[in-house]
Amino acid sequence: MTVTLGEEITLLSLDDDTGTAKDRPAAGWAVAGGTLLELTLAGRVAATEGRLAVTDPTPTGDALLDGRLAALTEWTAQDDQAKVGDWLSKDQAKAFDAAVANLCARGVITEEKHRTLGIFVTRRYPEADGSVERELRHRLADVVLDGAEPDERTTGLIALLHASNLHAVAFPDVPRKQVSPRMESIAEGQWAAEDVRRALKDMQAVLAAVMLCTTVATTVAVT
C-alpha cells in the first residue's frame, strides 16, 4: 500500500499501543509540510522565494492530497503573496486530522471512541494494519542506520522529520545523537530537482523556527 508523506509522519507519531499522537504539535507541522512536499513532487504546487503558487489544480486521485490541494487553491486565489510559512501555520491542525481520517478510511488505523465521566469523548487510533508502518520503519532504518541510498520521497520524509525534531518519533529506541547527523546530511544533499529542493528548504526553515520557539517557550515555562 502506498501512503503519502503526510500519512507516513502521522503513522510514526501515533503510539502503536495507545493510538494517541506523540509530540502532536510538532507532528502537525511536519504532516502539513509532508503534504505540501507531496503536492510539489506531483507538480501541483511550486514555491518561489518563500511564496506558494498552485501550478496545476488537477486532482491527483488521492483523497488526502486532493482535499489539501483544493484548500490551497482557494487560499492562494485570495492572496497572490501567499507564503509557505503562512500555509503551514494555517494547515498544520487540519492536515494532521485529514491524514488520520484518510488512514482510517484505508483501513491502516481504526478509530476508538471513549467517554470520560459519560460526557467527554476522547479518540484513539490504534493500528489495524501494522504492515504499512513496519515497512516504513524498515525503510528509514535502512537509510539512516545502515547507510542505504534514499529515494526522493524518503529523503524528503527524513528532512521533514529532522527539521521538526521528530527524531524520537522516527527512531524511538535510538539516541538522537546517533541519527541526527545522518538525517541532517541527507536533508542537505542534492537529491531532487531545484524547484522541489527550494520548496523543501523553505519548509525546513519554517519548521526549524517553530521548533526553536517551542523549545524556548517550554524552557522559560519550566524555569
# chains A, B, ... in the order shown; residues from 1 in each chain; ligands from 1
call {"tool": "residues_around", "arguments": {"residues": "A:Thr48", "least_positions_apart": "5", "cutoff": "10 Å", "atoms": "only C-alpha atoms", "output": "list in words"}}
result
Ala53, Lys83, Val84, Asp195, Arg198, Ala199 and Asp202 of chain A
call {"tool": "write_last_selection", "arguments": {"atoms": "N, CA and C atoms", "output": "CSV table (one decimal), in the first residue's frame"}}
result
chain,number,residue,atom,x,y,z
A,53,ALA,N,2.5,28.9,-5.0
A,53,ALA,CA,1.5,29.0,-6.1
A,53,ALA,C,1.1,27.6,-6.5
A,83,LYS,N,2.6,32.8,1.5
A,83,LYS,CA,3.9,32.3,1.9
A,83,LYS,C,3.8,30.9,2.4
A,84,VAL,N,4.9,30.1,2.3
A,84,VAL,CA,5.0,28.8,2.8
A,84,VAL,C,4.7,28.7,4.2
A,195,ASP,N,13.4,23.0,-8.1
A,195,ASP,CA,12.2,23.6,-7.6
A,195,ASP,C,11.7,22.8,-6.3
A,198,ARG,N,14.0,23.7,-3.4
A,198,ARG,CA,13.7,25.0,-3.0
A,198,ARG,C,12.5,25.0,-2.0
A,199,ALA,N,11.5,24.3,-2.4
A,199,ALA,CA,10.3,24.2,-1.6
A,199,ALA,C,10.6,23.6,-0.3
A,202,ASP,N,12.5,25.9,2.1
A,202,ASP,CA,11.6,26.9,2.7
A,202,ASP,C,10.8,26.2,3.9
call {"tool": "select_by_dssp", "arguments": {"residues": "stretch 6-196 of chain A", "states": "strand (DSSP E)", "output": "list in words"}}
result
Val45, Ala46, Ala47, Thr48, Arg51, Leu52, Ala53, Val54, Glu112, Lys113, His114, Arg115, Thr116, Phe120, Val121, Thr122, Arg123 and Arg124 of chain A
call {"tool": "residues_around", "arguments": {"residues": "A:Val54", "least_positions_apart": "4", "cutoff": "7 Å", "atoms": "only C-alpha atoms", "output": "count of residues only"}}
result
4
call {"tool": "select_by_dssp", "arguments": {"residues": "stretch 103-154 of chain A", "states": "alpha helix (DSSP H)", "output": "list in words"}}
result
Leu103, Cys104, Ala105, Ser131, Val132, Glu133, Arg134, Glu135, Leu136, Arg137, His138, Arg139, Leu140, Ala141, Asp142, Val143, Val144, Glu152, Arg153 and Thr154 of chain A
call {"tool": "atom_distance", "arguments": {"atom1": "atom CA of A:Ala30", "atom2": "atom CA of A:Ser185"}}
result
18.5 Å
call {"tool": "residues_around", "arguments": {"residues": "A:Leu72", "least_positions_apart": "5", "cutoff": "12 Å", "atoms": "only C-alpha atoms", "output": "count of residues only"}}
result
30
call {"tool": "residues_around", "arguments": {"residues": "A:Val174", "least_positions_apart": "6", "cutoff": "12 Å", "atoms": "only C-alpha atoms", "output": "JSON list (two decimals) with C-alpha atoms, in the first residue's frame"}}
result
[["chain", "number", "residue", "atom", "x", "y", "z"],
["A", 141, "ALA", "CA", 16.40, 2.26, 9.32],
["A", 144, "VAL", "CA", 19.62, 6.33, 8.40],
["A", 145, "LEU", "CA", 21.17, 3.48, 10.40],
["A", 167, "HIS", "CA", 13.96, 12.01, 15.76],
["A", 168, "ALA", "CA", 12.48, 10.10, 18.70],
["A", 180, "SER", "CA", 20.73, 13.36, 13.77]]
call {"tool": "atom_distance", "arguments": {"atom1": "atom CA of A:Asp173", "atom2": "atom CA of A:Glu112"}}
result
26.9 Å
call {"tool": "closest_residue", "arguments": {"among": "A:Arg134, A:Arg153, A:Arg197, A:Arg139", "to": "A:Glu38", "atoms": "only C-alpha atoms"}}
result
A:Arg153
call {"tool": "closest_residue", "arguments": {"among": "A:Ala208, A:Ala99, A:Cys104, A:Ala163", "to": "A:Ala187", "atoms": "only C-alpha atoms"}}
result
A:Ala163
call {"tool": "closest_residue", "arguments": {"among": "A:Ala47, A:Val3, A:Val206, A:Ala26", "to": "A:Asp62", "atoms": "only C-alpha atoms"}}
result
A:Val3
call {"tool": "residues_around", "arguments": {"residues": "A:Leu136", "least_positions_apart": "3", "cutoff": "12 Å", "atoms": "only C-alpha atoms", "output": "PyMOL selection string"}}
result
chain A and resi 1-5+7-12+130-133+139-143+153-154+157-158+170-171
call {"tool": "write_last_selection", "arguments": {"atoms": "C-alpha atoms", "output": "mmCIF file, in the first residue's frame"}}
result
data_model
loop_
_atom_site.group_PDB
_atom_site.id
_atom_site.type_symbol
_atom_site.label_atom_id
_atom_site.label_comp_id
_atom_site.auth_asym_id
_atom_site.auth_seq_id
_atom_site.Cartn_x
_atom_site.Cartn_y
_atom_site.Cartn_z
ATOM 1 C CA MET A 1 0.000 0.000 0.000
ATOM 2 C CA THR A 2 1.344 3.424 -0.976
ATOM 3 C CA VAL A 3 0.795 6.151 1.601
ATOM 4 C CA THR A 4 1.603 9.844 1.332
ATOM 5 C CA LEU A 5 4.413 11.600 3.167
ATOM 6 C CA GLU A 7 0.341 9.893 6.297
ATOM 7 C CA GLU A 8 3.769 8.394 6.955
ATOM 8 C CA ILE A 9 4.576 11.098 9.502
ATOM 9 C CA THR A 10 1.161 10.563 11.091
ATOM 10 C CA LEU A 11 1.764 6.821 11.390
ATOM 11 C CA LEU A 12 5.127 7.382 13.018
ATOM 12 C CA GLY A 130 0.717 -2.833 11.053
ATOM 13 C CA SER A 131 2.477 -3.858 7.842
ATOM 14 C CA VAL A 132 2.474 -0.303 6.491
ATOM 15 C CA GLU A 133 4.325 1.166 9.473
ATOM 16 C CA ARG A 139 12.984 1.781 5.075
ATOM 17 C CA LEU A 140 14.053 4.573 7.428
ATOM 18 C CA ALA A 141 16.396 2.256 9.318
ATOM 19 C CA ASP A 142 17.998 1.064 6.088
ATOM 20 C CA VAL A 143 18.795 4.630 5.099
ATOM 21 C CA ARG A 153 10.408 10.645 -1.194
ATOM 22 C CA THR A 154 12.339 9.004 1.650
ATOM 23 C CA LEU A 157 10.496 12.488 4.694
ATOM 24 C CA ILE A 158 13.779 12.361 6.602
ATOM 25 C CA ALA A 170 11.137 8.002 13.869
ATOM 26 C CA PHE A 171 13.695 6.129 15.989
#
call {"tool": "atom_distance", "arguments": {"atom1": "atom CA of A:Ser13", "atom2": "atom CA of A:Leu166"}}
result
8.5 Å
call {"tool": "closest_residue", "arguments": {"among": "A:Pro172, A:Ala101, A:Thr110, A:Val121", "to": "A:Lys22", "atoms": "only C-alpha atoms"}}
result
A:Pro172
